[in-house]
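Accompanying notes for the structure given below.
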Amino acid sequence: MELDGSGDYESTWDAVWRADAGDTILIGAGRFDTVHHYESHDGADWDGSVDTHMLLHSRDLTVIGQGPGVTVLGNSGLPNIFGIAVVFDYHTDWDAIVRIENLSIESTDTGIAVFYNEPIIHVANVEFLSCLWGIRAISSESSATDCFASGITNVAFTGVGTVSGCEVNGALVGVDTYGNSHIESTVFRNCKTAIDYSGTTLGPPNDLECTIVNCDLTDSIEFGISADHLAICIVSGNSITATAACIAGEGDIVVTGANNVLTSDGGYILFSRFGARFDMQGNDFIHSRSVNAVGVYQYNDLPAIVHDLTGNWWGDYTEDDLPLHIHDGNQSSSVNSFVEFLPMAGGSVPTKGMSWGSLKASFR
């Protein structure tokens, strides 16, 4: 399909309705600003309408452009425009697969959106510019590879199980994912939260696992990784600099990891509340600013929790610097946790019923 209407299809509308299951739609160079209004029809079990460049409906399809910046689906200046909408009705196999590659999408709503059921989408080498959302998927088997998102109002990639080799430059949340997920070699800049992971409220905590490997979260990040609910979150080889918290855990989640460089820029290295547990060894914990910079903050009234933080490097310190590593908070409050800080202590220090002041005195 070419911009001048030549090729096998005259327009994106023509391509969508004439393509058979398993076909590949090739889009030529140019800026495509024409959008189409689609209504639910012909017995399809999706309710509503959508304005979009392409609606991929109830069949396996592949869409390939000539490259980001070469093939562009523009936003037309109209509100609530979707770049590509993927709609699968309730009579369709949920394992259907859609592939979208090598183009740019400018959208006033969502770049690529999935409506209804759980089709798997694989997105590669796609650029999302000035969208409310980049990708809104449903299946954790979906993926985003070598994609770029800039100027995203809400979330760059949500509901995508695998994110690899991507870059997010400006978003409320970079990646919002759940279930079994894997995020690797991705760069985050100018995000309120770089990665927001939720496990599940059902089942034992070892049923689900999220791995975050070799990512760069060092440029204008407020929260690096926020993880919650029943799951295991494994972080390895990441660089995180955050103004609020490098890693924040909430609920019955276990965060494990090694070989990370976590730098507090005035906030927390690790933040735990309502049962979140940290099992972190062999990491660098660095405070780039001394004012209000703290290491681990435990906030909850639950039974005692064991945090294993042995063998981490806490930067240059003296014994008098220890208050920078443990949140001072209210000196009269009790702390329900067990903490190991090496090389400052030789073993676990039970802290239940102790004030922060007496806890810190245990390390002197």
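Letters A, B, ... go to the chains of the structure tokens in the order shown; residues in each chain start at 1; ligands are counted from 1 in the same order.
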Exercise for review: Within range 22-266 of chain A, find each residue whose DSSP state, derived from the backbone, is strand (DSSP E), and express the selection as a VMD selection string.
Suggested key: chain A and resid 24 to 26 30 to 32 36 to 39 49 to 57 61 to 64 71 to 73 82 to 87 97 to 106 110 to 115 120 to 129 133 to 136 143 to 145 148 to 150 155 to 158 162 to 164 167 to 178 181 to 184 187 to 198 209 to 213 216 to 228 231 to 236 239 to 250 253 to 258 261 to 264
Review point. So which residues touch range 250-264 of chain A within 7 Å, counting only C-alpha atoms, skipping near sequence neighbours fewer than 3 positions away, as number ranges by chain?
Key: A: 205, 227-243, 246, 267-269, 272-288, 293
Same residues, N, CA and C atoms, output as a CSV table (one decimal), in the first residue's frame:
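The file below, again-v4.csv, is the result:
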```csv
chain,number,residue,atom,x,y,z
A,205,PRO,N,3.3,-16.6,46.6
A,205,PRO,CA,4.2,-15.6,46.0
A,205,PRO,C,5.1,-16.1,44.9
A,227,ALA,N,7.0,-2.4,42.8
A,227,ALA,CA,6.5,-3.8,42.7
A,227,ALA,C,5.6,-4.1,43.8
A,228,ASP,N,4.5,-4.8,43.5
A,228,ASP,CA,3.5,-5.1,44.6
A,228,ASP,C,2.8,-6.4,44.3
A,229,HIS,N,2.1,-6.9,45.3
A,229,HIS,CA,1.3,-8.1,45.3
A,229,HIS,C,2.2,-9.4,45.2
A,230,LEU,N,1.5,-10.5,45.2
A,230,LEU,CA,2.2,-11.8,45.4
A,230,LEU,C,3.0,-12.2,44.1
A,231,ALA,N,4.3,-12.1,44.3
A,231,ALA,CA,5.2,-12.4,43.2
A,231,ALA,C,6.6,-12.3,43.6
A,232,ILE,N,7.5,-12.7,42.8
A,232,ILE,CA,9.0,-12.5,43.0
A,232,ILE,C,9.5,-11.6,41.9
A,233,CYS,N,10.1,-10.6,42.3
A,233,CYS,CA,10.7,-9.6,41.4
A,233,CYS,C,12.2,-9.7,41.4
A,234,ILE,N,12.9,-10.1,40.3
A,234,ILE,CA,14.3,-10.3,40.3
A,234,ILE,C,14.9,-9.2,39.5
A,235,VAL,N,15.8,-8.4,40.1
A,235,VAL,CA,16.5,-7.3,39.5
A,235,VAL,C,18.0,-7.6,39.4
A,236,SER,N,18.6,-7.4,38.3
A,236,SER,CA,20.0,-7.8,38.1
A,236,SER,C,20.7,-6.9,37.1
A,237,GLY,N,21.8,-6.3,37.5
A,237,GLY,CA,22.6,-5.6,36.5
A,237,GLY,C,22.0,-4.3,36.1
A,238,ASN,N,21.1,-3.7,36.9
A,238,ASN,CA,20.5,-2.4,36.5
A,238,ASN,C,21.2,-1.2,37.2
A,239,SER,N,21.1,-0.1,36.5
A,239,SER,CA,21.5,1.2,37.1
A,239,SER,C,20.3,2.1,37.3
A,240,ILE,N,20.1,2.4,38.6
A,240,ILE,CA,18.9,3.2,38.9
A,240,ILE,C,19.3,4.4,39.8
A,241,THR,N,18.9,5.6,39.3
A,241,THR,CA,19.0,6.8,40.1
A,241,THR,C,17.6,7.4,40.3
A,242,ALA,N,17.2,7.6,41.5
A,242,ALA,CA,15.8,8.0,41.7
A,242,ALA,C,15.7,9.1,42.8
A,243,THR,N,14.8,10.0,42.6
A,243,THR,CA,14.6,11.1,43.6
A,243,THR,C,13.7,10.7,44.7
A,246,CYS,N,14.5,4.1,44.7
A,246,CYS,CA,15.1,3.3,43.6
A,246,CYS,C,14.2,2.1,43.4
A,267,GLY,N,16.2,10.6,48.0
A,267,GLY,CA,15.1,9.7,48.4
A,267,GLY,C,15.6,8.5,49.1
A,268,TYR,N,14.9,7.3,48.8
A,268,TYR,CA,15.2,6.1,49.4
A,268,TYR,C,15.9,5.2,48.4
A,269,ILE,N,16.9,4.3,48.9
A,269,ILE,CA,17.4,3.3,48.1
A,269,ILE,C,16.3,2.2,48.0
A,272,SER,N,10.0,-0.2,51.8
A,272,SER,CA,9.2,-1.4,52.0
A,272,SER,C,8.0,-1.0,52.8
A,273,ARG,N,6.8,-1.5,52.4
A,273,ARG,CA,5.6,-1.3,53.2
A,273,ARG,C,4.7,-2.5,53.0
A,274,PHE,N,3.9,-2.8,54.1
A,274,PHE,CA,2.9,-3.8,54.1
A,274,PHE,C,3.4,-5.2,53.6
A,275,GLY,N,4.5,-5.6,54.2
A,275,GLY,CA,4.9,-7.0,54.0
A,275,GLY,C,6.0,-7.2,52.9
A,276,ALA,N,6.4,-6.2,52.1
A,276,ALA,CA,7.3,-6.4,51.1
A,276,ALA,C,8.7,-6.7,51.7
A,277,ARG,N,9.4,-7.7,51.1
A,277,ARG,CA,10.7,-8.1,51.6
A,277,ARG,C,11.8,-8.0,50.6
A,278,PHE,N,12.9,-7.5,51.0
A,278,PHE,CA,14.1,-7.4,50.1
A,278,PHE,C,15.2,-8.4,50.5
A,279,ASP,N,15.7,-9.1,49.4
A,279,ASP,CA,16.8,-10.0,49.6
A,279,ASP,C,17.8,-9.6,48.5
A,280,MET,N,18.7,-8.7,48.9
A,280,MET,CA,19.6,-8.0,48.0
A,280,MET,C,21.0,-8.2,48.5
A,281,GLN,N,21.9,-8.8,47.7
A,281,GLN,CA,23.3,-8.9,48.0
A,281,GLN,C,24.2,-8.5,46.8
A,282,GLY,N,25.3,-8.0,47.1
A,282,GLY,CA,26.3,-7.7,46.1
A,282,GLY,C,25.9,-6.5,45.2
A,283,ASN,N,25.3,-5.5,45.8
A,283,ASN,CA,24.9,-4.3,45.1
A,283,ASN,C,25.6,-3.1,45.6
A,284,ASP,N,25.6,-2.1,44.8
A,284,ASP,CA,26.2,-0.8,45.2
A,284,ASP,C,25.0,0.1,45.6
A,285,PHE,N,25.0,0.6,46.9
A,285,PHE,CA,24.0,1.5,47.4
A,285,PHE,C,24.7,2.8,47.6
A,286,ILE,N,24.3,3.8,46.8
A,286,ILE,CA,25.1,5.1,46.8
A,286,ILE,C,24.1,6.2,47.1
A,287,HIS,N,24.6,7.2,47.9
A,287,HIS,CA,23.8,8.4,48.2
A,287,HIS,C,24.5,9.5,47.5
A,288,SER,N,23.9,10.1,46.5
A,288,SER,CA,24.5,11.2,45.8
A,288,SER,C,24.3,12.5,46.5
A,293,ALA,N,18.8,11.9,52.4
A,293,ALA,CA,19.1,10.6,51.7
A,293,ALA,C,19.1,9.5,52.7
```
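Residue nearest Ile221 in chain A, chosen from A:Cys191, A:Ala244, A:Asp196, A:Ile97 and counting only C-alpha atoms: A:Cys191.
Take CA of Trp17 in chain A and CA of Gly83 in chain A: the distance between them is 16.7 Å.
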